[in-house]
$ cat structure_8.txt   # compact mmCIF, C-alpha atoms
# COMPACT_ATOMS: atom_id res chain seq x y z
CA MET M 823 0.00 0.00 0.00
CA GLU M 824 1.65 3.20 -1.12
CA PHE M 825 0.47 6.60 0.02
CA ARG M 826 2.85 9.45 -0.63
CA LYS M 827 2.96 12.19 2.00
CA GLU M 828 2.28 14.85 -0.60
CA ASP M 829 -0.92 13.05 -1.68
CA CYS M 830 -2.38 13.10 1.86
CA THR M 831 -4.74 15.70 3.25
CA TYR M 832 -2.81 17.59 5.89
CA THR M 833 -3.54 20.42 8.30
CA SER M 834 -0.97 21.22 10.99
CA CYS M 835 -2.17 20.46 14.55
CA TYR M 836 -5.16 18.38 13.36
CA CYS M 837 -3.51 14.94 13.41
CA GLU M 838 -6.79 13.15 14.19
CA GLU M 839 -8.42 14.61 11.08
CA ASN M 840 -5.34 13.95 8.96
CA VAL M 841 -5.53 10.28 9.98
CA TRP M 842 -9.32 10.18 9.41
CA CYS M 843 -8.76 11.52 5.87
CA LEU M 844 -6.04 8.93 5.27
CA CYS M 845 -8.45 6.17 6.37
CA ASP M 846 -11.19 7.55 4.15
CA SER M 847 -8.86 7.78 1.15
CA LEU M 848 -7.57 4.26 1.76
CA LYS M 849 -11.10 2.87 1.98
CA SER M 850 -12.01 4.39 -1.40
CA LYS M 851 -8.77 3.49 -3.19
CA ILE M 852 -7.95 0.07 -1.66
CA PRO M 853 -11.10 -1.13 0.16
CA GLY M 854 -9.71 -4.53 1.21
CA ALA M 855 -6.71 -3.02 3.00
CA ILE M 856 -8.77 -1.18 5.64
CA GLN M 857 -9.20 -4.37 7.69
CA ASN M 858 -5.44 -4.32 8.33
CA CYS M 859 -5.30 -0.70 9.46
CA TYR M 860 -5.51 1.04 12.82
CA CYS M 861 -5.72 4.59 14.13
CA VAL M 862 -3.74 5.13 17.30
CA PHE M 863 -4.32 7.98 19.75
CA ILE M 864 -1.32 8.50 22.01
CA SER M 865 -1.89 10.38 25.26
CA ASN M 866 -2.03 9.95 29.04
CA LYS M 867 -4.00 11.21 32.04
CA ARG M 868 -1.81 14.32 32.26
CA ARG M 869 -2.11 14.94 28.51
CA ALA M 870 1.62 15.46 28.20
CA ILE M 871 3.38 12.96 25.96
CA PRO M 872 6.88 13.27 24.53
CA LEU M 873 7.55 12.17 20.97
CA TRP M 874 10.75 12.69 19.02
CA LYS M 875 11.49 13.39 15.36
CA GLN M 876 8.50 15.73 15.08
CA LYS M 877 8.35 18.54 12.49
CA ALA M 878 6.90 20.97 15.06
CA SER M 879 9.98 20.74 17.26
CA ARG M 880 12.59 23.45 17.59
CA ARG M 881 15.00 21.07 19.30
CA GLN M 882 17.83 19.22 17.59
CA ASP M 883 16.41 15.82 18.67
CA GLY M 884 12.95 16.75 17.33
CA GLN M 885 11.21 16.29 20.68
CA VAL M 886 7.75 17.74 21.24
CA ILE M 887 5.47 17.36 24.24
CA TRP M 888 2.01 16.89 22.72
CA ASP M 889 -1.26 16.74 24.66
CA TYR M 890 -2.09 13.88 22.29
CA HIS M 891 -0.98 12.64 18.90
CA VAL M 892 -2.57 10.34 16.33
CA ILE M 893 -0.80 7.97 13.97
CA PHE M 894 -1.99 5.43 11.39
CA LEU M 895 -0.76 1.82 11.35
CA TYR M 896 -0.92 -0.61 8.43
CA GLU M 897 -0.31 -4.26 9.16
CA PRO M 898 0.07 -5.96 5.75
CA SER M 899 1.08 -9.24 7.39
CA GLU M 900 1.36 -10.68 10.89
CA SER M 901 5.09 -9.99 10.83
CA LYS M 902 5.11 -6.39 9.58
CA THR M 903 3.65 -3.07 10.74
CA ILE M 904 4.10 0.25 8.98
CA VAL M 905 3.55 3.68 10.58
CA TYR M 906 2.10 6.68 8.77
CA ASP M 907 2.73 9.88 10.75
CA LEU M 908 2.30 13.10 8.80
CA ASP M 909 4.06 15.07 11.54
CA THR M 910 7.31 13.12 11.71
CA THR M 911 10.66 13.94 10.17
CA LEU M 912 11.24 10.20 9.70
CA THR M 913 10.40 8.53 6.41
CA PHE M 914 6.77 8.30 5.32
CA PRO M 915 5.76 5.59 5.72
CA CYS M 916 8.11 4.28 8.39
CA ASP M 917 8.87 0.79 9.64
CA PHE M 918 7.30 0.28 13.09
CA ARG M 919 10.56 -0.70 14.77
CA ARG M 920 12.35 2.42 13.53
CA TYR M 921 9.40 4.63 14.50
CA TYR M 922 9.39 3.13 18.00
CA GLU M 923 13.16 3.46 18.44
CA GLU M 924 13.42 7.02 17.14
CA SER M 925 10.05 8.66 17.77
CA ILE M 926 8.30 6.87 20.65
CA LYS M 927 11.40 5.58 22.46
CA ASP M 928 11.69 3.53 25.62
CA GLU M 929 10.03 5.20 28.59
CA ARG M 930 12.39 3.93 31.30
CA CYS M 931 14.19 7.28 31.07
CA LEU M 932 10.93 9.23 31.43
CA LYS M 933 9.22 10.40 34.60
CA PRO M 934 6.02 8.36 35.17
CA GLU M 935 3.82 11.37 34.40
CA TYR M 936 5.13 11.26 30.81
CA HIS M 937 4.45 7.57 30.20
CA ARG M 938 2.30 7.12 27.13
CA MET M 939 -0.86 5.10 26.60
CA PHE M 940 -2.13 4.00 23.19
CA ARG M 941 -5.77 3.81 22.12
CA VAL M 942 -5.78 1.41 19.15
CA ILE M 943 -8.92 1.61 17.02
CA PRO M 944 -9.58 -0.43 13.87
CA ALA M 945 -9.61 2.05 10.97
CA GLU M 946 -13.10 1.07 9.80
CA GLU M 947 -14.48 1.67 13.30
CA PHE M 948 -12.67 5.02 13.47
CA LEU M 949 -14.28 6.15 10.21
CA GLN M 950 -17.73 5.20 11.48
CA THR M 951 -17.52 6.61 15.01
CA PHE M 952 -15.13 9.59 15.19
CA ALA M 953 -16.51 13.16 15.24
CA SER M 954 -14.99 16.54 16.01
CA ASP M 955 -16.55 19.99 15.87
CA ARG M 956 -13.02 21.37 16.44
CA SER M 957 -14.09 23.24 19.58
CA HIS M 958 -11.04 21.84 21.40
CA MET M 959 -8.93 24.06 19.12
CA LEU M 960 -10.61 27.31 20.21
CA THR M 961 -9.27 29.60 22.92
CA PRO M 962 -11.70 30.80 25.63
CA GLU M 963 -12.03 34.00 23.57
CA GLY M 964 -13.12 31.98 20.51
CA HIS M 965 -9.91 32.28 18.47
CA TRP M 966 -8.32 29.32 16.70
CA VAL M 967 -5.19 27.93 18.37
CA SER M 968 -4.24 26.78 14.86
CA PRO M 969 -6.22 27.43 11.67
CA PRO M 970 -8.71 24.60 10.99
CA PRO M 971 -8.94 22.49 7.84
CA THR M 972 -10.89 24.06 4.97
CA TYR M 973 -13.30 21.11 4.67
CA PRO M 974 -16.33 20.75 7.03
CA PRO M 975 -15.87 19.17 10.48
CA ILE M 976 -16.08 15.37 10.65
CA LYS M 977 -19.29 14.03 12.15
CA THR M 978 -21.39 10.88 12.23
CA LYS M 979 -25.16 10.47 11.99
CA GLU M 980 -25.30 10.16 15.78
CA CYS M 981 -22.65 12.62 16.92
CA SER M 982 -20.94 15.91 16.07
CA ASN M 983 -18.21 15.84 18.73
CA ASN M 984 -16.69 12.90 20.61
CA ILE M 985 -12.97 13.59 20.21
CA GLN M 986 -12.44 13.70 23.98
CA GLU M 987 -13.56 10.04 24.23
CA PHE M 988 -10.75 9.12 21.83
CA ILE M 989 -8.10 11.27 23.52
CA SER M 990 -9.03 9.96 26.97
CA MET M 991 -7.06 6.91 28.02
CA ASP M 992 -9.92 5.66 30.20
CA LYS M 993 -11.38 2.45 28.84
CA ASN M 994 -14.55 3.04 26.78
CA ASN M 995 -16.18 1.78 23.59
CA HIS M 996 -13.48 3.04 21.21
CA GLY M 997 -10.82 0.44 20.53
CA ASP M 998 -8.36 -0.88 23.11
CA VAL M 999 -6.22 1.17 25.49
CA LEU M 1000 -2.72 -0.29 25.80
CA SER M 1001 0.40 0.51 27.81
CA LEU M 1002 3.63 0.94 25.86
CA ASN M 1003 4.61 -2.68 26.61
CA GLU M 1004 1.22 -3.98 25.44
CA PHE M 1005 1.42 -1.81 22.32
CA LEU M 1006 4.88 -3.20 21.50
CA GLU M 1007 3.73 -6.77 22.14
CA ARG M 1008 0.85 -6.22 19.73
CA PHE M 1009 2.77 -4.57 16.89
CA LEU M 1010 6.53 -4.98 17.39
CA GLU M 1011 7.20 -8.36 18.97
CA LYS M 1012 6.05 -10.22 15.85
CA GLN M 1013 8.58 -8.51 13.64
$ encode --input "structure_8.txt" --output "structure tokens"
Amino acid sequence: MEFRKEDCTYTSCYCEENVWCLCDSLKSKIPGAIQNCYCVFISNKRRAIPLWKQKASRRQDGQVIWDYHVIFLYEPSESKTIVYDLDTTLTFPCDFRRYYEESIKDERCLKPEYHRMFRVIPAEEFLQTFASDRSHMLTPEGHWVSPPPTYPPIKTKECSNNIQEFISMDKNNHGDVLSLNEFLERFLEKQ
């Protein structure tokens, strides 16, 4: 499955919508592949998660502390996982092992409040259930923190805004919430 970065819909600071658009594009272009794809929200209770090799960074190592981040995983076989992250300086797409080693990294060197959790949602489910009215990107005065995408907000028939349910790392009806070790067991250990 080949998606070039320049062919993807991208708006800075709207990673969840960028991934939703990637899922939607994949479903129309290669419908059978969607069953091997996942959307992954990375966050924690404190909403402070370090990732490295990020375009938004001003540091040499590319580190950014996000409140949350969303990536797309494609698992073409049981022994291979590929990461699509439109905000990384690593290759696009990127082998899961390399992405883990250079962008996620081991958390033994991190304070516990920075340990990451991973909400893994099958891509088809994400397309059917995710909604955002983008209100989380407004300041209390009603100004955009970052300019929104030009297309209309994503919504479902039942809901216009449930993004907080996806960002939250409390267990709910959206996918599975995994620790870093569980996430690696699921996607890295087979490689």
$ closest_residue --input "structure_8.txt" --among "M:Phe1005, M:Tyr832, M:Phe918, M:Tyr890" --to "Arg869 in chain M" --atoms "all atoms listed in the file"
M:Tyr890
$ closest_residue --input "structure_8.txt" --among "M:Ser834, M:Tyr906, M:Pro915, M:Asn866" --to "Ala878 in chain M" --atoms "all atoms listed in the file"
M:Ser834
$ residues_around --input "structure_8.txt" --residues "range 854-857 of chain M" --least-positions-apart "4" --cutoff "8 Å" --atoms "only C-alpha atoms" --output "list of chain:residue names"
M:Met823, M:Cys845, M:Leu848, M:Lys849, M:Pro898, M:Pro944, M:Ala945, M:Glu946
$ residues_around --input "structure_8.txt" --residues "Arg938 in chain M" --least-positions-apart "2" --cutoff "8 Å" --atoms "all atoms listed in the file" --output "list in words"
Ile864, Ser865, Asn866, Ile871, Tyr936, Phe940, Ser1001 and Leu1002 of chain M
$ atom_distance --input "structure_8.txt" --atom1 "CA of His996 in chain M" --atom2 "CA of Pro971 in chain M"
24.0 Å
$ atom_distance --input "structure_8.txt" --atom1 "CA of Glu963 in chain M" --atom2 "CA of Asn983 in chain M"
19.8 Å
$ closest_residue --input "structure_8.txt" --among "M:Thr913, M:Asn858, M:Thr833, M:Ser925" --to "Trp874 in chain M" --atoms "all atoms listed in the file"
M:Ser925
$ atom_distance --input "structure_8.txt" --atom1 "CA of Glu839 in chain M" --atom2 "CA of Lys933 in chain M"
29.7 Å
$ residues_near_point --input "structure_8.txt" --point "(-4.9, 18.1, 15.9)" --cutoff "10 Å" --atoms "all atoms listed in the file" --output "ChimeraX atom specification"
/M:833-841,888-892,956,958-959,968,970
$ residues_around --input "structure_8.txt" --residues "Lys979 in chain M" --least-positions-apart "2" --cutoff "12 Å" --atoms "all atoms listed in the file" --output "PDB file with C-alpha atoms, keeping the file's coordinate frame"
ATOM      1  CA  LEU M 949     -14.280   6.150  10.210  1.00  0.00           C
ATOM      2  CA  GLN M 950     -17.730   5.200  11.480  1.00  0.00           C
ATOM      3  CA  THR M 951     -17.520   6.610  15.010  1.00  0.00           C
ATOM      4  CA  PHE M 952     -15.130   9.590  15.190  1.00  0.00           C
ATOM      5  CA  ALA M 953     -16.510  13.160  15.240  1.00  0.00           C
ATOM      6  CA  ILE M 976     -16.080  15.370  10.650  1.00  0.00           C
ATOM      7  CA  LYS M 977     -19.290  14.030  12.150  1.00  0.00           C
ATOM      8  CA  CYS M 981     -22.650  12.620  16.920  1.00  0.00           C
ATOM      9  CA  SER M 982     -20.940  15.910  16.070  1.00  0.00           C
ATOM     10  CA  ASN M 983     -18.210  15.840  18.730  1.00  0.00           C
TER      11      ASN M 983
END
$ closest_residue --input "structure_8.txt" --among "M:Lys867, M:Glu924, M:Ser899, M:Arg930" --to "Lys993 in chain M" --atoms "all atoms listed in the file"
M:Lys867
$ closest_residue --input "structure_8.txt" --among "M:Arg868, M:Glu828, M:Asp909, M:Leu1006" --to "Glu935 in chain M" --atoms "all atoms listed in the file"
M:Arg868
